[in-house]
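Shown next: model.txt, given as compact mmCIF, C-alpha atoms.
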```txt
# COMPACT_ATOMS: atom_id res chain seq x y z
CA MET A 1 -26.58 34.52 -46.42
CA LEU A 2 -23.09 33.87 -45.34
CA TYR A 3 -21.58 30.72 -46.75
CA TRP A 4 -18.65 28.67 -45.56
CA TRP A 5 -16.25 30.16 -48.10
CA ASP A 6 -17.23 33.76 -47.31
CA LYS A 7 -17.12 34.19 -43.52
CA SER A 8 -15.29 37.51 -43.70
CA ARG A 9 -15.66 40.31 -41.18
CA GLN A 10 -19.28 41.30 -41.31
CA GLY A 11 -18.66 44.43 -39.30
CA GLY A 12 -16.19 45.74 -41.87
CA LEU A 13 -16.81 46.99 -45.37
CA ASP A 14 -16.23 43.63 -47.03
CA MET A 15 -19.02 41.57 -45.52
CA ARG A 16 -21.50 39.42 -47.40
CA GLN A 17 -24.55 37.56 -45.99
CA ASN A 18 -28.10 36.18 -46.55
CA HIS A 19 -31.31 34.97 -44.62
CA ARG A 20 -35.12 35.51 -43.86
CA THR A 21 -38.94 34.52 -43.73
CA GLY A 22 -42.64 34.84 -42.75
CA ARG A 23 -45.30 32.83 -40.93
CA GLY A 24 -48.83 31.82 -41.65
CA GLN A 25 -51.14 28.87 -41.96
CA ALA A 26 -49.50 26.16 -43.98
CA ARG A 27 -51.14 25.69 -47.32
CA HIS A 28 -50.80 22.92 -49.84
CA GLY A 29 -53.10 21.57 -52.48
CA GLY A 30 -54.61 22.93 -55.64
CA ARG A 31 -51.17 23.76 -57.00
CA ARG A 32 -50.90 24.52 -60.67
CA ARG A 33 -48.89 22.21 -62.84
CA ALA A 34 -45.20 23.12 -62.65
CA GLY A 35 -44.01 24.74 -65.83
CA ALA A 36 -47.44 26.06 -66.79
CA GLY A 37 -47.77 29.70 -67.76
CA VAL A 38 -45.27 31.86 -69.54
CA THR A 39 -42.37 30.19 -71.33
CA ARG A 40 -38.86 31.56 -71.75
CA ARG A 41 -39.55 32.17 -75.45
CA GLY A 42 -42.90 33.78 -74.72
CA PHE A 43 -41.30 36.10 -72.21
CA LEU A 44 -38.43 37.10 -74.47
CA LEU A 45 -40.66 37.71 -77.49
CA GLY A 46 -43.28 39.60 -75.51
CA ALA A 47 -43.42 42.69 -73.40
CA GLY A 48 -40.71 41.29 -71.13
CA ALA A 49 -38.15 42.52 -73.62
CA ALA A 50 -39.20 46.08 -72.83
CA ALA A 51 -39.03 45.15 -69.15
CA LEU A 52 -38.65 48.45 -67.38
CA GLY A 53 -40.17 51.80 -68.08
CA ALA A 54 -39.06 55.06 -66.58
CA ALA A 55 -41.26 54.44 -63.57
CA GLY A 56 -40.01 50.93 -62.81
CA LEU A 57 -40.47 47.29 -63.72
CA TRP A 58 -43.12 46.03 -66.10
CA LEU A 59 -45.43 43.73 -64.17
CA ARG A 60 -48.28 42.74 -66.45
CA GLY A 61 -46.79 39.33 -67.07
CA CYS A 62 -46.57 38.69 -63.34
CA VAL A 63 -50.29 38.19 -62.70
CA ARG A 64 -51.74 34.68 -62.79
CA PRO A 65 -53.75 33.92 -65.88
CA ASP A 66 -56.75 33.15 -63.67
CA GLY A 67 -56.32 36.43 -61.83
CA GLY A 68 -56.42 34.95 -58.35
CA GLY A 69 -54.70 32.98 -55.64
CA ALA A 70 -53.68 29.43 -56.43
CA SER A 71 -54.36 27.24 -53.48
CA SER A 72 -56.43 26.58 -50.42
CA GLY A 73 -55.53 27.72 -46.91
CA PRO A 74 -53.73 30.97 -47.78
CA ALA A 75 -50.90 32.09 -45.52
CA ALA A 76 -51.53 35.11 -43.33
CA PRO A 77 -48.98 37.64 -42.11
CA ALA A 78 -47.29 36.65 -38.89
CA ALA A 79 -49.60 37.09 -35.93
CA GLY A 80 -47.04 35.96 -33.37
CA GLU A 81 -43.32 35.53 -33.11
CA TRP A 82 -41.64 34.52 -36.34
CA ARG A 83 -39.30 31.56 -35.77
CA ALA A 84 -37.45 30.45 -38.88
CA ALA A 85 -34.47 28.52 -40.17
CA TRP A 86 -32.65 29.01 -43.45
CA ILE A 87 -32.18 25.79 -45.40
CA SER A 88 -29.53 26.60 -47.98
CA TYR A 89 -28.44 24.86 -51.13
CA ILE A 90 -25.59 23.42 -49.06
CA GLU A 91 -28.06 21.31 -47.07
CA LEU A 92 -30.09 20.54 -50.18
CA GLN A 93 -27.00 19.41 -52.04
CA GLY A 94 -26.36 16.82 -49.36
CA MET A 95 -29.79 15.19 -49.72
CA ASP A 96 -30.46 11.90 -51.52
CA TYR A 97 -31.77 12.46 -55.05
CA THR A 98 -31.57 8.84 -56.17
CA SER A 99 -35.35 8.51 -55.91
CA ALA A 100 -38.40 10.48 -54.87
CA ASP A 101 -38.87 8.20 -51.86
CA ALA A 102 -35.30 8.72 -50.66
CA PHE A 103 -35.59 12.47 -51.03
CA ARG A 104 -38.99 12.50 -49.32
CA ALA A 105 -37.55 10.69 -46.31
CA GLY A 106 -34.81 13.29 -45.97
CA ALA A 107 -37.25 16.17 -46.38
CA GLU A 108 -39.57 14.75 -43.73
CA ALA A 109 -36.71 14.28 -41.26
CA MET A 110 -35.56 17.84 -41.89
CA MET A 111 -39.01 19.29 -41.28
CA ASP A 112 -39.49 17.10 -38.21
CA ASN A 113 -36.33 18.64 -36.76
CA CYS A 114 -37.49 22.18 -37.46
CA ALA A 115 -40.89 21.56 -35.90
CA ALA A 116 -39.34 19.92 -32.82
CA LEU A 117 -37.19 23.02 -32.33
CA GLY A 118 -40.35 25.09 -32.03
CA LEU A 119 -39.95 26.88 -35.37
CA ASN A 120 -42.87 27.90 -37.56
CA THR A 121 -41.14 28.78 -40.84
CA VAL A 122 -38.53 27.35 -43.18
CA ILE A 123 -36.75 29.46 -45.78
CA VAL A 124 -35.59 27.08 -48.48
CA GLN A 125 -33.15 28.04 -51.24
CA VAL A 126 -35.10 27.06 -54.32
CA ARG A 127 -33.19 29.22 -56.83
CA PRO A 128 -29.47 29.43 -55.97
CA PHE A 129 -27.58 30.02 -59.27
CA GLY A 130 -29.96 31.23 -61.93
CA ASP A 131 -31.36 27.70 -61.77
CA ALA A 132 -34.12 25.92 -59.88
CA ILE A 133 -34.84 22.83 -57.77
CA TYR A 134 -38.19 22.52 -59.57
CA PRO A 135 -39.24 22.28 -63.23
CA SER A 136 -39.19 25.79 -64.65
CA ALA A 137 -39.87 27.26 -68.07
CA LEU A 138 -37.38 30.04 -67.34
CA PHE A 139 -34.44 28.46 -65.50
CA PRO A 140 -32.52 25.17 -65.86
CA TRP A 141 -32.52 22.44 -63.23
CA SER A 142 -30.02 23.18 -60.47
CA HIS A 143 -26.81 21.21 -60.37
CA ILE A 144 -27.43 20.50 -56.70
CA CYS A 145 -30.01 17.88 -57.71
CA THR A 146 -27.89 15.66 -59.95
CA GLY A 147 -24.43 17.22 -60.05
CA THR A 148 -25.07 18.62 -63.52
CA GLN A 149 -27.00 21.81 -64.16
CA GLY A 150 -29.89 21.29 -66.55
CA VAL A 151 -30.45 17.61 -65.70
CA SER A 152 -33.71 16.62 -64.00
CA PRO A 153 -33.61 14.27 -60.99
CA GLY A 154 -36.79 12.63 -62.30
CA PHE A 155 -39.07 14.06 -59.63
CA ASP A 156 -39.96 17.46 -58.17
CA PRO A 157 -37.92 18.20 -55.01
CA LEU A 158 -39.81 21.42 -54.27
CA ASP A 159 -43.14 19.63 -54.26
CA LEU A 160 -41.84 17.10 -51.75
CA LEU A 161 -40.29 19.78 -49.54
CA LEU A 162 -43.53 21.75 -49.54
CA THR A 163 -45.58 18.68 -48.65
CA ALA A 164 -43.22 17.81 -45.80
CA ALA A 165 -43.23 21.36 -44.40
CA HIS A 166 -46.96 21.97 -44.66
CA GLY A 167 -47.72 18.56 -43.23
CA ARG A 168 -45.95 19.65 -40.06
CA GLY A 169 -47.57 23.06 -39.83
CA LEU A 170 -44.52 24.91 -41.10
CA SER A 171 -44.79 27.94 -43.33
CA PHE A 172 -42.57 27.66 -46.41
CA GLU A 173 -40.81 30.57 -48.11
CA GLY A 174 -38.97 30.12 -51.38
CA TRP A 175 -35.52 31.69 -51.08
CA ILE A 176 -34.15 33.18 -54.29
CA ASN A 177 -30.75 34.62 -55.05
CA PRO A 178 -31.90 37.14 -57.67
CA TYR A 179 -28.73 37.96 -59.61
CA ARG A 180 -26.16 35.20 -59.08
CA LEU A 181 -25.47 32.73 -61.90
CA ARG A 182 -22.12 31.45 -60.68
CA ALA A 183 -20.26 32.12 -57.42
CA SER A 184 -16.91 30.70 -58.55
CA ALA A 185 -15.39 28.57 -61.28
CA ALA A 186 -16.53 25.47 -59.42
CA SER A 187 -19.87 26.64 -58.07
CA PRO A 188 -21.45 25.52 -60.26
CA GLY A 189 -18.82 24.03 -62.54
CA ALA A 190 -20.50 23.70 -65.95
CA LEU A 191 -23.45 25.93 -66.74
CA ALA A 192 -26.38 24.53 -68.69
CA ALA A 193 -26.86 25.64 -72.28
CA ASP A 194 -30.01 27.49 -71.24
CA ASN A 195 -28.44 29.25 -68.27
CA LEU A 196 -28.83 32.99 -68.76
CA ALA A 197 -25.04 33.34 -68.90
CA ASN A 198 -25.26 31.47 -72.22
CA THR A 199 -28.59 32.65 -73.60
CA HIS A 200 -28.14 36.31 -72.60
CA PRO A 201 -24.45 37.04 -72.08
CA GLU A 202 -25.22 40.74 -72.65
CA TRP A 203 -27.09 40.72 -69.33
CA VAL A 204 -24.15 39.32 -67.39
CA ALA A 205 -21.44 41.01 -65.33
CA ALA A 206 -18.31 39.01 -64.51
CA VAL A 207 -16.73 39.69 -61.13
CA GLY A 208 -13.67 37.52 -60.62
CA ASP A 209 -14.79 33.97 -61.37
CA GLY A 210 -18.38 34.86 -60.52
CA LEU A 211 -21.15 35.65 -62.99
CA TYR A 212 -24.11 37.85 -62.08
CA LEU A 213 -27.04 39.45 -63.83
CA ASN A 214 -26.25 43.13 -64.15
CA PRO A 215 -28.54 45.02 -61.74
CA ALA A 216 -28.49 48.05 -64.05
CA LEU A 217 -30.26 46.27 -66.91
CA PRO A 218 -34.08 46.45 -66.92
CA GLU A 219 -34.40 43.35 -69.11
CA ALA A 220 -32.46 41.23 -66.62
CA ALA A 221 -34.47 42.58 -63.69
CA ALA A 222 -37.77 41.88 -65.43
CA TYR A 223 -36.68 38.29 -66.05
CA VAL A 224 -35.96 37.85 -62.35
CA VAL A 225 -39.42 39.18 -61.51
CA GLU A 226 -41.06 36.82 -63.98
CA GLY A 227 -39.21 34.01 -62.23
CA VAL A 228 -40.78 35.10 -58.94
CA ALA A 229 -44.20 35.17 -60.60
CA GLU A 230 -43.69 31.68 -62.03
CA LEU A 231 -42.82 30.31 -58.59
CA VAL A 232 -45.86 31.73 -56.81
CA ARG A 233 -48.10 30.85 -59.76
CA ASN A 234 -47.12 27.19 -59.80
CA TYR A 235 -46.48 26.33 -56.15
CA PRO A 236 -48.30 26.96 -52.86
CA VAL A 237 -45.36 28.67 -51.19
CA ASP A 238 -46.25 30.97 -48.31
CA GLY A 239 -43.82 33.65 -49.36
CA VAL A 240 -40.70 34.59 -51.31
CA HIS A 241 -37.40 35.54 -49.74
CA PHE A 242 -34.41 37.39 -51.26
CA ASP A 243 -31.00 37.23 -49.62
CA ASP A 244 -28.50 40.10 -49.40
CA TYR A 245 -26.63 39.55 -52.66
CA PHE A 246 -27.54 42.51 -54.81
CA TYR A 247 -24.75 44.45 -56.56
CA PRO A 248 -21.80 42.05 -56.81
CA THR A 249 -19.18 44.82 -56.73
CA THR A 250 -18.72 48.54 -56.20
CA ASP A 251 -16.60 48.76 -59.37
CA PRO A 252 -18.11 51.56 -61.51
CA ALA A 253 -17.12 49.75 -64.71
CA ILE A 254 -19.88 47.12 -64.60
CA ASP A 255 -22.68 49.59 -65.29
CA ALA A 256 -20.79 52.60 -66.65
CA ALA A 257 -22.69 52.72 -69.95
CA PRO A 258 -26.24 52.57 -68.55
CA PHE A 259 -25.28 55.01 -65.79
CA ALA A 260 -23.98 57.50 -68.36
CA ALA A 261 -27.12 57.05 -70.44
CA SER A 262 -29.34 57.61 -67.40
CA GLY A 263 -28.17 61.18 -66.88
CA ALA A 264 -27.99 60.59 -63.13
CA ALA A 265 -25.26 62.31 -61.16
CA ASP A 266 -24.99 60.05 -58.09
CA LEU A 267 -23.85 56.50 -58.91
CA ALA A 268 -24.65 55.07 -55.48
CA GLY A 269 -28.11 56.64 -55.43
CA TRP A 270 -28.82 55.43 -58.96
CA ARG A 271 -27.74 51.90 -58.07
CA ARG A 272 -30.01 51.93 -55.03
CA GLN A 273 -32.87 52.94 -57.31
CA ASN A 274 -32.09 49.97 -59.58
CA VAL A 275 -32.17 47.52 -56.68
CA THR A 276 -35.29 49.05 -55.17
CA ALA A 277 -37.07 48.82 -58.54
CA LEU A 278 -36.35 45.08 -58.65
CA VAL A 279 -37.34 44.45 -55.02
CA LYS A 280 -40.52 46.51 -55.31
CA ALA A 281 -41.51 44.71 -58.51
CA ALA A 282 -40.87 41.30 -56.94
CA HIS A 283 -43.00 42.31 -53.95
CA ASP A 284 -45.80 43.48 -56.22
CA ALA A 285 -45.63 40.30 -58.32
CA VAL A 286 -46.06 38.21 -55.17
CA LYS A 287 -49.02 40.34 -54.05
CA ALA A 288 -50.60 40.23 -57.51
CA ALA A 289 -50.62 36.45 -57.30
CA ASP A 290 -52.03 36.35 -53.77
CA PRO A 291 -52.18 39.33 -51.36
CA THR A 292 -51.80 37.00 -48.38
CA LEU A 293 -48.33 35.83 -49.44
CA ARG A 294 -45.30 37.50 -47.90
CA PHE A 295 -42.16 38.91 -49.45
CA GLY A 296 -39.05 39.65 -47.43
CA VAL A 297 -35.34 40.37 -47.69
CA SER A 298 -32.46 39.49 -45.38
CA PRO A 299 -29.92 42.30 -45.77
CA GLN A 300 -26.53 42.43 -44.14
CA GLY A 301 -26.50 43.42 -40.49
CA ASN A 302 -24.27 46.40 -41.22
CA PRO A 303 -26.55 49.12 -42.65
CA ASP A 304 -23.55 50.99 -44.11
CA ASN A 305 -22.65 47.96 -46.22
CA ASP A 306 -26.26 47.61 -47.32
CA MET A 307 -26.42 51.20 -48.51
CA GLU A 308 -22.94 51.65 -49.98
CA GLN A 309 -21.85 48.18 -51.15
CA GLN A 310 -25.00 46.21 -51.87
CA TYR A 311 -26.95 49.38 -52.76
CA SER A 312 -29.99 48.15 -50.85
CA ASP A 313 -31.92 51.04 -49.31
CA VAL A 314 -32.89 49.33 -46.08
CA TYR A 315 -34.00 52.60 -44.48
CA GLY A 316 -36.38 53.38 -47.31
CA TRP A 317 -37.67 49.81 -47.51
CA LEU A 318 -38.50 49.74 -43.81
CA ALA A 319 -40.19 53.13 -43.89
CA ALA A 320 -42.40 52.49 -46.94
CA ASP A 321 -46.11 51.88 -46.39
CA GLY A 322 -49.34 51.20 -48.22
CA GLY A 323 -49.07 51.11 -51.98
CA GLU A 324 -45.44 52.18 -51.73
CA ALA A 325 -44.48 49.13 -49.64
CA VAL A 326 -41.34 47.41 -50.91
CA VAL A 327 -41.14 44.46 -48.50
CA ASP A 328 -43.35 42.79 -45.92
CA TYR A 329 -40.35 42.30 -43.66
CA LEU A 330 -36.61 42.67 -43.33
CA CYS A 331 -34.47 40.18 -41.44
CA PRO A 332 -30.97 41.69 -41.10
CA GLN A 333 -28.22 39.17 -40.55
CA ILE A 334 -26.91 40.05 -37.10
CA TYR A 335 -24.29 37.39 -36.66
CA TRP A 336 -22.30 38.98 -33.85
CA GLY A 337 -22.28 38.13 -30.18
CA GLN A 338 -22.51 40.18 -27.02
CA GLY A 339 -19.51 42.49 -26.71
CA TYR A 340 -18.37 42.01 -30.32
CA THR A 341 -15.53 44.44 -30.94
CA LEU A 342 -13.81 45.49 -34.15
CA SER A 343 -10.03 45.78 -34.30
CA ASN A 344 -10.38 49.57 -34.05
CA GLY A 345 -12.21 49.20 -30.73
CA SER A 346 -15.66 49.98 -32.10
CA ARG A 347 -18.51 48.01 -30.52
CA ARG A 348 -21.20 49.30 -32.86
CA PHE A 349 -21.90 45.78 -34.12
CA ALA A 350 -22.03 44.09 -30.74
CA PHE A 351 -25.36 42.30 -30.51
CA GLU A 352 -26.56 44.53 -27.67
CA ASN A 353 -25.85 47.66 -29.78
CA ILE A 354 -26.74 46.81 -33.37
CA VAL A 355 -30.13 45.24 -32.53
CA PRO A 356 -31.43 48.47 -30.94
CA GLU A 357 -30.03 50.43 -33.91
CA TRP A 358 -32.16 48.39 -36.30
CA LEU A 359 -35.21 48.48 -34.04
CA ALA A 360 -34.98 52.28 -33.86
CA MET A 361 -35.21 52.73 -37.63
CA PRO A 362 -38.52 54.33 -38.73
CA ARG A 363 -40.94 51.72 -40.02
CA GLY A 364 -44.04 51.81 -42.14
CA SER A 365 -45.83 48.51 -42.72
CA ALA A 366 -42.73 46.31 -42.76
CA ALA A 367 -41.99 43.91 -39.93
CA LEU A 368 -38.45 43.57 -38.58
CA TYR A 369 -36.92 40.25 -37.61
CA VAL A 370 -33.33 39.34 -36.76
CA GLY A 371 -31.10 36.74 -38.41
CA LEU A 372 -28.93 34.85 -35.91
CA GLY A 373 -25.64 33.15 -36.77
CA ALA A 374 -25.97 29.53 -35.74
CA TYR A 375 -22.85 28.86 -37.81
CA ARG A 376 -20.85 30.76 -35.17
CA ILE A 377 -21.29 27.90 -32.67
CA GLY A 378 -17.88 26.87 -31.34
CA ASP A 379 -15.99 28.97 -33.90
CA GLY A 380 -16.83 32.44 -32.63
CA ASP A 381 -17.54 35.64 -34.52
CA GLY A 382 -14.00 36.86 -35.19
CA GLY A 383 -14.23 39.83 -32.85
CA ALA A 384 -11.26 41.46 -31.14
CA ASN A 385 -12.93 40.94 -27.75
CA PRO A 386 -11.38 38.17 -25.61
CA ASP A 387 -14.63 36.16 -25.42
CA SER A 388 -15.30 36.17 -29.17
CA VAL A 389 -14.99 32.36 -29.18
CA SER A 390 -15.93 31.42 -25.64
CA GLY A 391 -19.13 33.44 -25.89
CA TRP A 392 -20.23 31.09 -28.68
CA SER A 393 -19.22 27.97 -26.75
CA THR A 394 -21.72 28.10 -23.88
CA GLY A 395 -24.33 25.80 -25.38
CA ARG A 396 -26.99 28.49 -25.10
CA ALA A 397 -25.63 31.43 -27.07
CA LEU A 398 -28.60 31.39 -29.46
CA ALA A 399 -31.21 30.90 -26.73
CA ASP A 400 -29.75 33.89 -24.87
CA GLN A 401 -29.94 36.00 -28.01
CA VAL A 402 -33.55 34.96 -28.55
CA ALA A 403 -34.35 35.99 -24.97
CA ALA A 404 -32.72 39.36 -25.58
CA LEU A 405 -34.72 39.85 -28.79
CA ARG A 406 -37.96 39.12 -26.98
CA ALA A 407 -37.08 41.59 -24.25
CA ALA A 408 -36.29 44.23 -26.88
CA GLY A 409 -39.61 43.71 -28.69
CA ALA A 410 -38.27 42.22 -31.93
CA GLY A 411 -40.85 40.39 -34.05
CA GLY A 412 -38.92 37.14 -34.37
CA TYR A 413 -35.75 35.55 -35.64
CA ALA A 414 -34.24 33.25 -38.25
CA LEU A 415 -31.35 30.84 -37.72
CA TYR A 416 -28.52 30.57 -40.21
CA ARG A 417 -28.37 27.81 -40.97
CA TYR A 418 -30.11 24.43 -40.52
CA GLY A 419 -26.92 22.41 -40.98
CA SER A 420 -25.10 24.31 -38.25
CA LEU A 421 -27.62 22.98 -35.74
CA PHE A 422 -28.47 19.54 -37.11
CA GLN A 423 -25.43 18.51 -39.19
CA ASN A 424 -22.57 20.02 -37.19
CA SER A 425 -19.74 17.49 -37.27
CA ALA A 426 -17.22 20.00 -35.88
CA TRP A 427 -19.17 20.83 -32.72
CA PRO A 428 -21.82 18.13 -32.28
CA GLN A 429 -22.20 18.47 -28.50
CA LEU A 430 -22.42 22.26 -28.64
CA ALA A 431 -24.99 22.02 -31.44
CA GLU A 432 -27.03 19.56 -29.39
CA ALA A 433 -26.93 21.89 -26.39
CA GLU A 434 -27.93 24.86 -28.53
CA ARG A 435 -30.88 22.91 -29.95
CA ALA A 436 -32.01 21.98 -26.47
CA GLY A 437 -31.74 25.59 -25.32
CA LEU A 438 -33.74 26.88 -28.26
CA ALA A 439 -36.43 24.23 -27.92
CA ALA A 440 -36.80 25.00 -24.21
CA ALA A 441 -36.93 28.75 -24.84
CA ASN A 442 -39.58 28.34 -27.52
CA SER A 443 -41.63 25.96 -25.41
CA ALA A 444 -41.55 28.35 -22.46
CA ALA A 445 -42.63 31.25 -24.68
CA GLY A 446 -45.67 29.31 -25.87
CA PRO A 447 -47.17 29.01 -29.35
CA SER A 448 -45.69 31.38 -31.90
CA ALA A 449 -48.91 32.23 -33.72
```
Could you express the structure from this file as structure tokens?
Amino acid sequence: MLYWWDKSRQGGLDMRQNHRTGRGQARHGGRRRAGAGVTRRGFLLGAGAAALGAAGLWLRGCVRPDGGGASSGPAAPAAGEWRAAWISYIELQGMDYTSADAFRAGAEAMMDNCAALGLNTVIVQVRPFGDAIYPSALFPWSHICTGTQGVSPGFDPLDLLLTAAHGRGLSFEGWINPYRLRASAASPGALAADNLANTHPEWVAAVGDGLYLNPALPEAAAYVVEGVAELVRNYPVDGVHFDDYFYPTTDPAIDAAPFAASGAADLAGWRRQNVTALVKAAHDAVKAADPTLRFGVSPQGNPDNDMEQQYSDVYGWLAADGGEAVVDYLCPQIYWGQGYTLSNGSRRFAFENIVPEWLAMPRGSAALYVGLGAYRIGDGDGGANPDSVSGWSTGRALADQVAALRAAGAGGYALYRYGSLFQNSAWPQLAEAERAGLAAANSAAGPSA
């Protein structure tokens, strides 16, 4: 996802982003008690310490103790157009946590808005900073709930969000940032004593003021996968979603020792193998819990950045099939408008050019959706083209992009982000017009599934 502090040129080599999702019948009920299952101590003292073998991640601990799916009304893969919105920790941080009733009211209003827009899926950031908005045996409470990481709000926000979404027929995907523990010195400010940065500093790579699990370490990757397994074991989510934040830097120093020990000759290729091992293991953990659940990733819209900066092999992930499948879908973040032009004159990333480039990539079983930049409303996409701002000030920029996606045969879209459409204090009238355009376009297209 792209956050407010990181809206750099996505077309260049310094872009970061995140978004995604899947659709199915909403399901809620029969959930296992949060916190049940493996504990942090049990994981660390057990086979999780071995984590990864030569062939990839260890997954035995990722299967539910009862060996089956957890709840009634399992979600099915998308049968129609996927229509999603990302609900980030920024929106969640602005909700009222003073009581369960206050939070419930906010969650219900949020899901009402998404349903009225004609969406069928919400992608909610449940694990933003190596923490969680639900009781977890592996991760501390997120600071977005109370202002202090590790402190419970006294109720379960995820349970209330799930109930609100499923009650309105919305599919719910839990969005996880797999490696990030801290984005900056202030985000979050103080880390809980049981944050992995404190309990396992040997797993952590510092990049500027940010702290990240080192993607080269099998033990860290296995812990992330167990976190995915805990989520799908304890909650009736309809899927799990990873954003685009994989390797936090291209600096060879952060994994020099494990790279040297690996005997590999190609650093970039080896790093892509590390990321693919994690993503494949997370996918398999989701499927082990319930084959009907979906797992997807929202990579950057620039495939070069994905391959050479994030080390995410989007070509291989899309092409994989059967038992080799790595994802159920990709949703690249294509946050550029029609005619988008780089300062060097290149129009590769113009919406009308980059969408066909993605659609032309060979695909196995994975679906392909497109992430759209609702946050561009009124501000523009930073292109060198003269209409880089005015093109995002029409009141129907997003509806026009949706129409173009349908004409091109894309499987659906996700909007980044909810707040840009429903909490836009900078451009309230434009946001209202964009909402009306999207709702009309979705209504005209008919039911999504």
When you look at stretch 127-142 of chain A with a cut-off of 9 Å (counting all atoms listed in the file), what residues show up, excluding the ones that are within fewer than 6 positions of it in the same chain? I need them as a tab-separated table (two decimals) with C-alpha atoms, in the coordinates of the input.
```tsv
chain	number	residue	atom	x	y	z
A	34	ALA	CA	-45.20	23.12	-62.65
A	35	GLY	CA	-44.01	24.74	-65.83
A	36	ALA	CA	-47.44	26.06	-66.79
A	37	GLY	CA	-47.77	29.70	-67.76
A	38	VAL	CA	-45.27	31.86	-69.54
A	39	THR	CA	-42.37	30.19	-71.33
A	40	ARG	CA	-38.86	31.56	-71.75
A	41	ARG	CA	-39.55	32.17	-75.45
A	43	PHE	CA	-41.30	36.10	-72.21
A	88	SER	CA	-29.53	26.60	-47.98
A	89	TYR	CA	-28.44	24.86	-51.13
A	148	THR	CA	-25.07	18.62	-63.52
A	149	GLN	CA	-27.00	21.81	-64.16
A	150	GLY	CA	-29.89	21.29	-66.55
A	151	VAL	CA	-30.45	17.61	-65.70
A	152	SER	CA	-33.71	16.62	-64.00
A	153	PRO	CA	-33.61	14.27	-60.99
A	155	PHE	CA	-39.07	14.06	-59.63
A	156	ASP	CA	-39.96	17.46	-58.17
A	157	PRO	CA	-37.92	18.20	-55.01
A	158	LEU	CA	-39.81	21.42	-54.27
A	159	ASP	CA	-43.14	19.63	-54.26
A	174	GLY	CA	-38.97	30.12	-51.38
A	175	TRP	CA	-35.52	31.69	-51.08
A	176	ILE	CA	-34.15	33.18	-54.29
A	177	ASN	CA	-30.75	34.62	-55.05
A	178	PRO	CA	-31.90	37.14	-57.67
A	179	TYR	CA	-28.73	37.96	-59.61
A	180	ARG	CA	-26.16	35.20	-59.08
A	181	LEU	CA	-25.47	32.73	-61.90
A	182	ARG	CA	-22.12	31.45	-60.68
A	183	ALA	CA	-20.26	32.12	-57.42
A	187	SER	CA	-19.87	26.64	-58.07
A	188	PRO	CA	-21.45	25.52	-60.26
A	192	ALA	CA	-26.38	24.53	-68.69
A	193	ALA	CA	-26.86	25.64	-72.28
A	194	ASP	CA	-30.01	27.49	-71.24
A	195	ASN	CA	-28.44	29.25	-68.27
A	196	LEU	CA	-28.83	32.99	-68.76
A	197	ALA	CA	-25.04	33.34	-68.90
A	212	TYR	CA	-24.11	37.85	-62.08
A	213	LEU	CA	-27.04	39.45	-63.83
A	223	TYR	CA	-36.68	38.29	-66.05
A	224	VAL	CA	-35.96	37.85	-62.35
A	226	GLU	CA	-41.06	36.82	-63.98
A	227	GLY	CA	-39.21	34.01	-62.23
A	230	GLU	CA	-43.69	31.68	-62.03
A	231	LEU	CA	-42.82	30.31	-58.59
```
Skipping near chain neighbours, those fewer than 2 positions away, what residues fall within 9 Å of A:Leu421 using all atoms listed in the file, listed as a count of residues only? 16
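The space between atom CA of A:Tyr369 and atom CA of A:Glu173 spans 14.8 Å.
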Show me, as a tab-separated table, the residues of stretch 114-228 of chain A having an atom within 7 Å of stretch 269-284 of chain A, each with the closest atom pair and its distance in Å, using all atoms listed in the file.
```
residue	atom	partner	partner_atom	distance
A:Pro215	CA	A:Asn274	CA	6.5
A:Ala216	CA	A:Asn274	CA	6.1
A:Ala221	CA	A:Leu278	CA	5.9
A:Val225	CA	A:Ala282	CA	5.2
A:Val228	CA	A:Ala282	CA	6.5
```
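Of the listed residues (A:Ala261, A:Val204, A:Ala367, A:Val286), A:Val204 comes nearest to A:Tyr247; the distances count only C-alpha atoms.
As for atom CA of A:Val232 and atom CA of A:Asp290, they are spaced 8.3 Å apart.
The space separating atom CA of A:His200 from atom CA of A:Thr249 comes to 20.1 Å.
Within the 6 Å cut-off around A:Thr121, using all atoms listed in the file and omitting residues fewer than 2 positions from it on the same chain, the listed residues are Arg23, Ala84, Leu119, Leu170, Ser171 and Phe172 of chain A.
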Output C-alpha atoms of each residue in that selection to a file, as an mmCIF file, in the coordinates of the input.
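The result, stored in part15.cif:
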```
data_model
loop_
_atom_site.group_PDB
_atom_site.id
_atom_site.type_symbol
_atom_site.label_atom_id
_atom_site.label_comp_id
_atom_site.auth_asym_id
_atom_site.auth_seq_id
_atom_site.Cartn_x
_atom_site.Cartn_y
_atom_site.Cartn_z
ATOM 1 C CA ARG A 23 -45.300 32.830 -40.930
ATOM 2 C CA ALA A 84 -37.450 30.450 -38.880
ATOM 3 C CA LEU A 119 -39.950 26.880 -35.370
ATOM 4 C CA LEU A 170 -44.520 24.910 -41.100
ATOM 5 C CA SER A 171 -44.790 27.940 -43.330
ATOM 6 C CA PHE A 172 -42.570 27.660 -46.410
#
```
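Using all atoms listed in the file, the nearest neighbour of A:Ala268 within the list A:Gln333, A:Ser298, A:Thr98, A:Gln309 is A:Gln309.
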Near stretch 387-402 of chain A, counting all atoms listed in the file, which residues have an atom at most 9 Å away, once you skip same-chain residues fewer than 4 positions from it, shown as number ranges by chain? A: 336-341, 351, 372-374, 376-383, 406-407, 412-413, 415, 429-442
For A:Gly411, list every protein, DNA or RNA residue within 10 Å, evaluated using all atoms listed in the file, and leave out those in the same chain fewer than 5 positions away; present the list as a ChimeraX atom specification. /A:78-83,329,331,359,367-370,405-406
